[in-house]
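Engineer: final-v4.cif is reproduced below (mmCIF, C-alpha atoms and all ligand atoms).
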data_model
loop_
_atom_site.label_atom_id
_atom_site.label_comp_id
_atom_site.auth_asym_id
_atom_site.auth_seq_id
_atom_site.Cartn_x
_atom_site.Cartn_y
_atom_site.Cartn_z
CA MET A 55 21.99 -3.49 -10.43
CA ALA A 56 19.27 -4.18 -13.03
CA THR A 57 15.68 -3.36 -12.04
CA LYS A 58 13.79 -6.61 -11.38
CA GLU A 59 10.75 -7.43 -13.47
CA ILE A 60 7.40 -8.01 -11.81
CA ARG A 61 4.52 -10.04 -13.21
CA SER A 62 1.33 -8.47 -11.86
CA TRP A 63 -2.35 -9.45 -12.00
CA ALA A 64 -3.21 -5.94 -13.33
CA TYR A 65 -1.08 -5.64 -16.45
CA ASP A 66 -0.50 -7.84 -19.47
CA GLU A 67 3.20 -7.00 -19.65
CA LEU A 68 6.00 -7.50 -17.16
CA ILE A 69 6.58 -4.34 -15.11
CA ARG A 70 10.12 -3.04 -14.94
CA SER A 71 10.14 0.12 -12.86
CA PRO A 72 12.18 1.35 -9.89
CA PHE A 73 8.85 2.37 -8.32
CA ALA A 74 7.42 -1.16 -8.51
CA LEU A 75 10.26 -2.94 -6.72
CA PRO A 76 12.77 -0.25 -5.75
CA GLN A 77 16.35 -1.46 -5.50
CA GLY A 78 19.81 -0.02 -5.99
CA MET A 79 20.50 3.61 -6.81
CA LEU A 80 17.45 4.09 -9.05
CA GLY A 81 15.22 2.50 -6.42
CA ARG A 82 16.53 4.79 -3.71
CA LEU A 83 15.95 7.78 -5.99
CA ALA A 84 12.39 6.53 -6.61
CA GLY A 85 11.95 6.27 -2.82
CA ARG A 86 12.98 9.90 -2.38
CA LEU A 87 10.55 10.98 -5.07
CA MET A 88 7.73 9.07 -3.33
CA LEU A 89 8.50 10.93 -0.10
CA TRP A 90 8.52 14.21 -1.93
CA LEU A 91 5.40 13.68 -4.07
CA ASN A 92 3.02 11.83 -1.73
CA ASP A 93 0.94 13.82 0.70
CA PRO A 94 -0.26 11.42 3.41
CA GLY A 95 -2.65 13.91 5.07
CA GLU A 96 -6.02 12.72 3.77
CA LEU A 97 -5.12 9.08 4.19
CA VAL A 98 -4.07 9.65 7.80
CA THR A 99 -7.49 11.20 8.40
CA LEU A 100 -9.20 8.23 6.75
CA ILE A 101 -7.20 5.78 8.88
CA GLY A 102 -8.43 7.71 11.92
CA LYS A 103 -7.94 6.51 15.48
CA ALA A 104 -6.58 3.00 15.74
CA ASP A 105 -4.44 1.12 18.24
CA SER A 106 -2.55 -0.85 15.62
CA VAL A 107 -1.85 -0.13 11.95
CA LEU A 108 -0.02 -2.24 9.36
CA GLU A 109 1.10 -0.67 6.08
CA VAL A 110 1.78 -3.19 3.34
CA GLY A 111 4.27 -2.03 0.69
CA CYS A 112 5.33 0.88 2.91
CA GLY A 113 8.12 2.01 0.55
CA PRO A 114 10.26 4.78 2.10
CA GLY A 115 7.89 5.19 5.07
CA GLY A 116 6.22 8.55 4.38
CA LEU A 117 2.79 7.40 5.56
CA LEU A 118 4.18 5.42 8.50
CA ARG A 119 5.85 8.57 9.81
CA ASN A 120 2.48 10.28 10.07
CA ILE A 121 0.51 7.49 11.73
CA GLN A 122 -0.18 7.90 15.43
CA ALA A 123 -1.03 4.51 16.91
CA LYS A 124 0.29 2.38 19.77
CA ARG A 125 1.62 -0.13 17.27
CA VAL A 126 2.79 0.90 13.79
CA CYS A 127 4.21 -1.73 11.47
CA GLY A 128 5.41 -1.56 7.86
CA ILE A 129 6.36 -4.37 5.52
CA ASP A 130 7.91 -4.23 2.06
CA PRO A 131 9.73 -6.72 -0.18
CA SER A 132 12.52 -4.20 -0.88
CA PRO A 133 15.39 -4.04 1.63
CA ASP A 134 16.34 -0.63 0.18
CA MET A 135 12.88 0.74 0.98
CA LEU A 136 12.97 -0.69 4.50
CA ARG A 137 16.29 1.08 5.08
CA GLN A 138 14.82 4.38 3.85
CA ALA A 139 11.72 3.84 5.99
CA ALA A 140 13.92 3.21 9.04
CA ARG A 141 15.86 6.43 8.40
CA HIS A 142 12.70 8.39 7.82
CA ASN A 143 11.13 7.08 11.05
CA ARG A 144 14.25 7.41 13.20
CA GLY A 145 13.33 7.93 16.85
CA ARG A 146 9.82 6.51 16.38
CA ASP A 147 8.64 3.12 17.56
CA VAL A 148 7.89 1.59 14.15
CA GLU A 149 8.32 -2.12 13.32
CA LEU A 150 9.73 -2.70 9.84
CA ARG A 151 10.26 -6.02 8.14
CA LEU A 152 10.45 -7.83 4.82
CA GLY A 153 7.16 -9.15 3.51
CA THR A 154 4.67 -9.03 0.67
CA ALA A 155 0.93 -8.65 0.43
CA SER A 156 0.48 -12.40 0.06
CA ASP A 157 2.99 -13.26 2.79
CA THR A 158 3.04 -10.62 5.52
CA GLY A 159 4.46 -12.86 8.23
CA CYS A 160 1.94 -11.29 10.66
CA PRO A 161 -0.38 -13.18 13.03
CA ASP A 162 -4.14 -13.64 12.47
CA GLY A 163 -6.22 -10.56 13.32
CA GLY A 164 -3.15 -8.63 14.46
CA PHE A 165 -4.17 -5.12 13.31
CA ASP A 166 -7.09 -2.70 13.63
CA VAL A 167 -6.27 -1.14 10.27
CA VAL A 168 -4.34 -2.61 7.35
CA VAL A 169 -3.52 -0.23 4.51
CA SER A 170 -1.85 -0.57 1.12
CA VAL A 171 -0.93 2.51 -0.93
CA ASN A 172 0.06 2.45 -4.59
CA ASN A 173 1.12 -1.18 -4.70
CA VAL A 174 -2.00 -3.31 -5.22
CA ALA A 175 -1.46 -3.29 -9.00
CA MET A 176 2.06 -4.66 -8.50
CA TRP A 177 0.99 -7.77 -6.64
CA PRO A 178 1.41 -10.98 -8.64
CA ASP A 179 -1.83 -12.46 -7.27
CA LEU A 180 -4.63 -10.07 -6.23
CA GLU A 181 -6.85 -12.65 -4.53
CA ALA A 182 -3.97 -14.17 -2.52
CA GLY A 183 -2.96 -10.66 -1.34
CA ILE A 184 -6.48 -9.67 -0.28
CA HIS A 185 -6.98 -13.01 1.47
CA GLU A 186 -3.78 -12.48 3.46
CA LEU A 187 -4.60 -8.87 4.37
CA ARG A 188 -8.06 -9.87 5.54
CA ARG A 189 -6.46 -12.60 7.65
CA VAL A 190 -4.24 -10.11 9.50
CA THR A 191 -7.05 -7.55 10.02
CA ARG A 192 -8.86 -8.05 13.32
CA PRO A 193 -12.61 -8.79 13.37
CA ARG A 194 -14.45 -5.48 12.77
CA GLY A 195 -11.15 -3.92 11.71
CA ARG A 196 -10.67 -2.09 8.40
CA LEU A 197 -8.74 -2.86 5.26
CA LEU A 198 -7.91 0.09 2.98
CA ILE A 199 -6.59 -0.39 -0.54
CA ALA A 200 -5.46 2.87 -2.16
CA TRP A 201 -4.30 3.38 -5.74
CA HIS A 202 -3.66 6.37 -8.04
CA SER A 203 -6.92 8.11 -8.90
CA ALA A 204 -8.20 8.77 -12.43
CA THR A 205 -9.54 12.12 -11.18
CA GLY A 206 -6.35 12.90 -9.25
CA ARG A 207 -4.94 16.40 -9.23
CA SER A 208 -1.50 15.08 -10.11
CA PRO A 209 -0.79 13.98 -13.71
CA ILE A 210 1.16 11.02 -12.25
CA ALA A 211 -1.98 9.79 -10.48
CA ARG A 212 -4.13 10.19 -13.59
CA LYS A 213 -1.55 8.47 -15.80
CA ASN A 214 -1.30 5.45 -13.48
CA ALA A 215 -4.98 5.10 -12.61
CA LEU A 216 -6.51 1.66 -13.10
CA PRO A 217 -9.51 1.17 -15.40
CA GLU A 218 -12.88 0.62 -13.70
CA GLU A 219 -12.91 -3.11 -14.47
CA LYS A 220 -9.67 -3.59 -12.51
CA LEU A 221 -11.07 -1.58 -9.58
CA ALA A 222 -14.18 -3.76 -9.77
CA ARG A 223 -11.96 -6.84 -9.49
CA ILE A 224 -10.33 -5.43 -6.32
CA ASP A 225 -13.80 -4.62 -4.99
CA HIS A 226 -14.95 -8.15 -5.72
CA ALA A 227 -11.88 -9.68 -4.06
CA LEU A 228 -12.50 -7.57 -0.95
CA GLY A 229 -16.06 -8.91 -0.79
CA GLU A 230 -19.24 -6.91 -0.15
CA PRO A 231 -19.79 -4.42 1.36
CA THR A 232 -17.02 -2.03 0.42
CA ARG A 233 -16.91 1.74 0.41
CA ARG A 234 -15.09 3.95 -2.05
CA TYR A 235 -13.42 7.30 -1.36
CA GLU A 236 -11.95 9.69 -3.91
CA LEU A 237 -9.07 11.60 -2.30
CA LYS A 238 -6.88 14.26 -3.96
CA ASN A 239 -4.71 11.69 -5.74
CA LEU A 240 -5.96 8.33 -4.53
CA THR A 241 -8.98 6.11 -4.99
CA VAL A 242 -9.46 4.16 -1.75
CA LEU A 243 -11.51 1.00 -1.38
CA GLU A 244 -12.42 0.24 2.22
CA LYS A 245 -13.57 -3.07 3.63
CA HIS A 246 -14.95 -3.44 7.16
CA CYS A 247 -14.00 -6.99 8.07
CA GLN A 248 -16.91 -8.85 9.70
CA ARG A 249 -15.36 -12.08 10.91
C1 LIG A 301 5.11 2.96 -5.71
S1 LIG A 301 5.82 2.29 -4.23
C2 LIG A 301 4.68 2.91 -2.99
C3 LIG A 301 5.32 3.02 -1.64
C4 LIG A 301 4.49 3.67 -0.54
N1 LIG A 301 3.30 2.91 -0.26
C5 LIG A 301 4.13 5.08 -0.94
O1 LIG A 301 2.98 5.35 -1.30
O2 LIG A 301 5.04 5.93 -0.88
C6 LIG A 301 5.38 0.57 -4.32
C7 LIG A 301 5.93 -0.24 -3.16
O3 LIG A 301 5.31 -1.53 -3.18
C8 LIG A 301 6.26 -2.50 -2.88
N2 LIG A 301 5.81 -3.80 -3.44
C9 LIG A 301 6.09 -4.36 -4.64
N3 LIG A 301 5.51 -5.57 -4.74
C10 LIG A 301 4.82 -5.77 -3.58
C11 LIG A 301 4.03 -6.86 -3.09
N4 LIG A 301 3.80 -7.96 -3.81
N5 LIG A 301 3.50 -6.74 -1.85
C12 LIG A 301 3.72 -5.61 -1.11
N6 LIG A 301 4.46 -4.57 -1.53
C13 LIG A 301 5.01 -4.65 -2.75
C14 LIG A 301 7.55 -1.98 -3.50
O4 LIG A 301 8.70 -2.56 -2.94
C15 LIG A 301 7.42 -0.48 -3.23
O5 LIG A 301 8.04 -0.11 -2.03
#
Using structure tokens, write down the structure that the file contains.
Ligand SMILES: C[S@@+](CC[C@H](N)C(=O)[O-])C[C@H]1O[C@@H](n2cnc3c(N)ncnc32)[C@H](O)[C@@H]1O
Structural biologist:
Amino acid sequence: MATKEIRSWAYDELIRSPFALPQGMLGRLAGRLMLWLNDPGELVTLIGKADSVLEVGCGPGGLLRNIQAKRVCGIDPSPDMLRQAARHNRGRDVELRLGTASDTGCPDGGFDVVVSVNNVAMWPDLEAGIHELRRVTRPRGRLLIAWHSATGRSPIARKNALPEEKLARIDHALGEPTRRYELKNLTVLEKHCQR
């Protein structure tokens, strides 16, 4: 099966990568690599204690597996990734379903923490995605947007880092005030939702 092309707000060209919208054999291989390469430890600490957590673009479910909350939910547009996430979270009470950043299918204010890791630059419409994720974050909840860091220890992170003006656009879409964290391989923008 050919890898689907994605038109994203962040790049001038169409993206064609099994990491962007994993499907078929290459997509499943990409999912395995994500599980192998990504260390969720620091992000789990940043998420902290929360009753309910939604991960948007959960991929093969490596972060989900490490989140301890009463309600853990993951959405992704790729059925292949949801199947891997289900396998990887076997025996855990994790809700998994199809969805995108701009159409999560979740109710208003449903989650204490909403997190997106390494997919914000693949969304077709940044502002629509942020608007939707703010909608599903409860009042005084937190929205965390993480992307490969320019100062990351891994060459993959450094190669895929976004330029400052793109990070500034995410920051602007989140709305003031935001906080920025530099983790080992991720830059994380955090928004405390006031509503
Ligand atoms: C590089 S993978 C990252 C997966 C996972 N978050 C991780 O860090 O291992 C990107 C994921 O984003 C998903 N994705 C692509 N477009 C998306 C969109 N518009 N909204 C949400 N997720 C999307 C892909 O299906 C894929 O699973």
Engineer: For chain A versus ligand LIG 301 (chain A), which residues have an atom no more than 7 Å away, and what is each residue's nearest atom pair and distance in Å rounded to one decimal, using all atoms listed in the file, chain-then-number order, as JSON lines?
Structural biologist:
{"residue": "A:Phe73", "atom": "CA", "partner": "A:LIG301", "partner_atom": "C1", "distance": 4.6}
{"residue": "A:Ala74", "atom": "CA", "partner": "A:LIG301", "partner_atom": "C6", "distance": 5.0}
{"residue": "A:Leu75", "atom": "CA", "partner": "A:LIG301", "partner_atom": "O4", "distance": 4.1}
{"residue": "A:Pro76", "atom": "CA", "partner": "A:LIG301", "partner_atom": "O4", "distance": 5.5}
{"residue": "A:Met88", "atom": "CA", "partner": "A:LIG301", "partner_atom": "O2", "distance": 4.8}
{"residue": "A:Leu89", "atom": "CA", "partner": "A:LIG301", "partner_atom": "O2", "distance": 6.1}
{"residue": "A:Asn92", "atom": "CA", "partner": "A:LIG301", "partner_atom": "O2", "distance": 6.3}
{"residue": "A:Val110", "atom": "CA", "partner": "A:LIG301", "partner_atom": "C12", "distance": 5.4}
{"residue": "A:Gly111", "atom": "CA", "partner": "A:LIG301", "partner_atom": "N6", "distance": 3.4}
{"residue": "A:Cys112", "atom": "CA", "partner": "A:LIG301", "partner_atom": "N1", "distance": 4.3}
{"residue": "A:Gly113", "atom": "CA", "partner": "A:LIG301", "partner_atom": "O5", "distance": 3.3}
{"residue": "A:Pro114", "atom": "CA", "partner": "A:LIG301", "partner_atom": "O2", "distance": 6.1}
{"residue": "A:Gly115", "atom": "CA", "partner": "A:LIG301", "partner_atom": "O2", "distance": 6.6}
{"residue": "A:Gly116", "atom": "CA", "partner": "A:LIG301", "partner_atom": "O2", "distance": 6.0}
{"residue": "A:Leu117", "atom": "CA", "partner": "A:LIG301", "partner_atom": "O2", "distance": 7.0}
{"residue": "A:Asp130", "atom": "CA", "partner": "A:LIG301", "partner_atom": "N6", "distance": 5.0}
{"residue": "A:Pro131", "atom": "CA", "partner": "A:LIG301", "partner_atom": "O4", "distance": 5.1}
{"residue": "A:Ser132", "atom": "CA", "partner": "A:LIG301", "partner_atom": "O4", "distance": 4.6}
{"residue": "A:Met135", "atom": "CA", "partner": "A:LIG301", "partner_atom": "O5", "distance": 5.8}
{"residue": "A:Gly153", "atom": "CA", "partner": "A:LIG301", "partner_atom": "C12", "distance": 6.8}
{"residue": "A:Thr154", "atom": "CA", "partner": "A:LIG301", "partner_atom": "N5", "distance": 3.6}
{"residue": "A:Ala155", "atom": "CA", "partner": "A:LIG301", "partner_atom": "N5", "distance": 3.9}
{"residue": "A:Ser156", "atom": "CA", "partner": "A:LIG301", "partner_atom": "N5", "distance": 6.7}
{"residue": "A:Ser170", "atom": "CA", "partner": "A:LIG301", "partner_atom": "N1", "distance": 6.4}
{"residue": "A:Val171", "atom": "CA", "partner": "A:LIG301", "partner_atom": "N1", "distance": 4.3}
{"residue": "A:Asn172", "atom": "CA", "partner": "A:LIG301", "partner_atom": "C2", "distance": 4.9}
{"residue": "A:Asn173", "atom": "CA", "partner": "A:LIG301", "partner_atom": "O3", "distance": 4.5}
{"residue": "A:Met176", "atom": "CA", "partner": "A:LIG301", "partner_atom": "N3", "distance": 5.2}
{"residue": "A:Trp177", "atom": "CA", "partner": "A:LIG301", "partner_atom": "N4", "distance": 4.0}
{"residue": "A:Pro178", "atom": "CA", "partner": "A:LIG301", "partner_atom": "N4", "distance": 6.2}
Engineer: Create the file for the chosen residues now, containing C-alpha atoms and written as a short mmCIF file (atom, residue, chain, number, x, y, z; two decimals), in the frame of the given file.
Structural biologist:
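Output file out_29.cif is given in full below:
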data_model
loop_
_atom_site.label_atom_id
_atom_site.label_comp_id
_atom_site.auth_asym_id
_atom_site.auth_seq_id
_atom_site.Cartn_x
_atom_site.Cartn_y
_atom_site.Cartn_z
CA PHE A 73 8.85 2.37 -8.32
CA ALA A 74 7.42 -1.16 -8.51
CA LEU A 75 10.26 -2.94 -6.72
CA PRO A 76 12.77 -0.25 -5.75
CA MET A 88 7.73 9.07 -3.33
CA LEU A 89 8.50 10.93 -0.10
CA ASN A 92 3.02 11.83 -1.73
CA VAL A 110 1.78 -3.19 3.34
CA GLY A 111 4.27 -2.03 0.69
CA CYS A 112 5.33 0.88 2.91
CA GLY A 113 8.12 2.01 0.55
CA PRO A 114 10.26 4.78 2.10
CA GLY A 115 7.89 5.19 5.07
CA GLY A 116 6.22 8.55 4.38
CA LEU A 117 2.79 7.40 5.56
CA ASP A 130 7.91 -4.23 2.06
CA PRO A 131 9.73 -6.72 -0.18
CA SER A 132 12.52 -4.20 -0.88
CA MET A 135 12.88 0.74 0.98
CA GLY A 153 7.16 -9.15 3.51
CA THR A 154 4.67 -9.03 0.67
CA ALA A 155 0.93 -8.65 0.43
CA SER A 156 0.48 -12.40 0.06
CA SER A 170 -1.85 -0.57 1.12
CA VAL A 171 -0.93 2.51 -0.93
CA ASN A 172 0.06 2.45 -4.59
CA ASN A 173 1.12 -1.18 -4.70
CA MET A 176 2.06 -4.66 -8.50
CA TRP A 177 0.99 -7.77 -6.64
CA PRO A 178 1.41 -10.98 -8.64
#
Engineer: Under the rule that all atoms listed in the file are counted, which of A:Glu67, A:Leu118, A:Thr158, A:Thr232 is the nearest residue to Ala140 in chain A?
Structural biologist: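 Smallest distance to Ala140 in chain A is found for A:Leu118.
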Engineer: Counting only C-alpha atoms, figure out which residue out of A:Ser203, A:Glu181, A:Gln248, A:Arg144 gets nearest to Arg119 in chain A.
Structural biologist: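 Among the listed residues, the smallest separation from Arg119 in chain A belongs to A:Arg144.
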Engineer: Give me the residues within 9 Å of Leu237 in chain A as number ranges by chain, counting all atoms listed in the file and dropping any in the same chain fewer than 4 places off.
Structural biologist: A: 96-97, 203, 205-206, 241-242
Engineer: For Thr57 in chain A, work out the shell of residues within 7 Å, counting all atoms listed in the file and skipping chain neighbours fewer than 3 positions away, then give it as a list in words.
Structural biologist: Arg70, Ser71, Pro72 and Gln77 of chain A
Engineer: Tell me which of A:Leu243, A:Val168, A:Ala84, A:Ile60 sits closest to Ile101 in chain A, counting only C-alpha atoms.
Structural biologist: A:Val168
Engineer: Pick the closest to Lys103 in chain A from A:Cys127, A:Ala227, A:Val167, A:Leu221: which is it, counting only C-alpha atoms?
Structural biologist: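 Under the stated criterion, the closest residue is A:Val167.
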Engineer: Under the rule that all atoms listed in the file are counted, which of A:Asp225, A:Glu186, A:Glu218, A:Asp179 is the nearest residue to Trp63 in chain A?
Structural biologist: A:Asp179
Engineer: Would you mind telling me which residue in A:Arg82, A:Arg189, A:Val174, A:Asn143 lies nearest to Asp162 in chain A when using all atoms listed in the file?
Structural biologist: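 Distance minimum relative to Asp162 in chain A lands on A:Arg189.
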Engineer: At what distance in Å, to one decimal, does CA of Leu198 in chain A lie from CA of Ile121 in chain A?
Structural biologist: 14.2 Å
Engineer: Please indicate the distance in Å from CA of Ala104 in chain A to CA of Val169 in chain A, rounded to one decimal place.
Structural biologist: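 Here the two named atoms are 12.1 Å from each other.
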Engineer: When you draw a straight line from CA of His142 in chain A to CA of Lys245 in chain A, how long is it in Å?
Structural biologist: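 Answer for the CA of His142 in chain A to CA of Lys245 in chain A separation: 29.0 Å.
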Engineer: Env of Arg207 in chain A: 10 Å cut, atoms = only C-alpha atoms, seq-sep filter 6 positions within chain, self excluded. Answer as a VMD selection string.
Structural biologist: chain A and resid 237 to 240
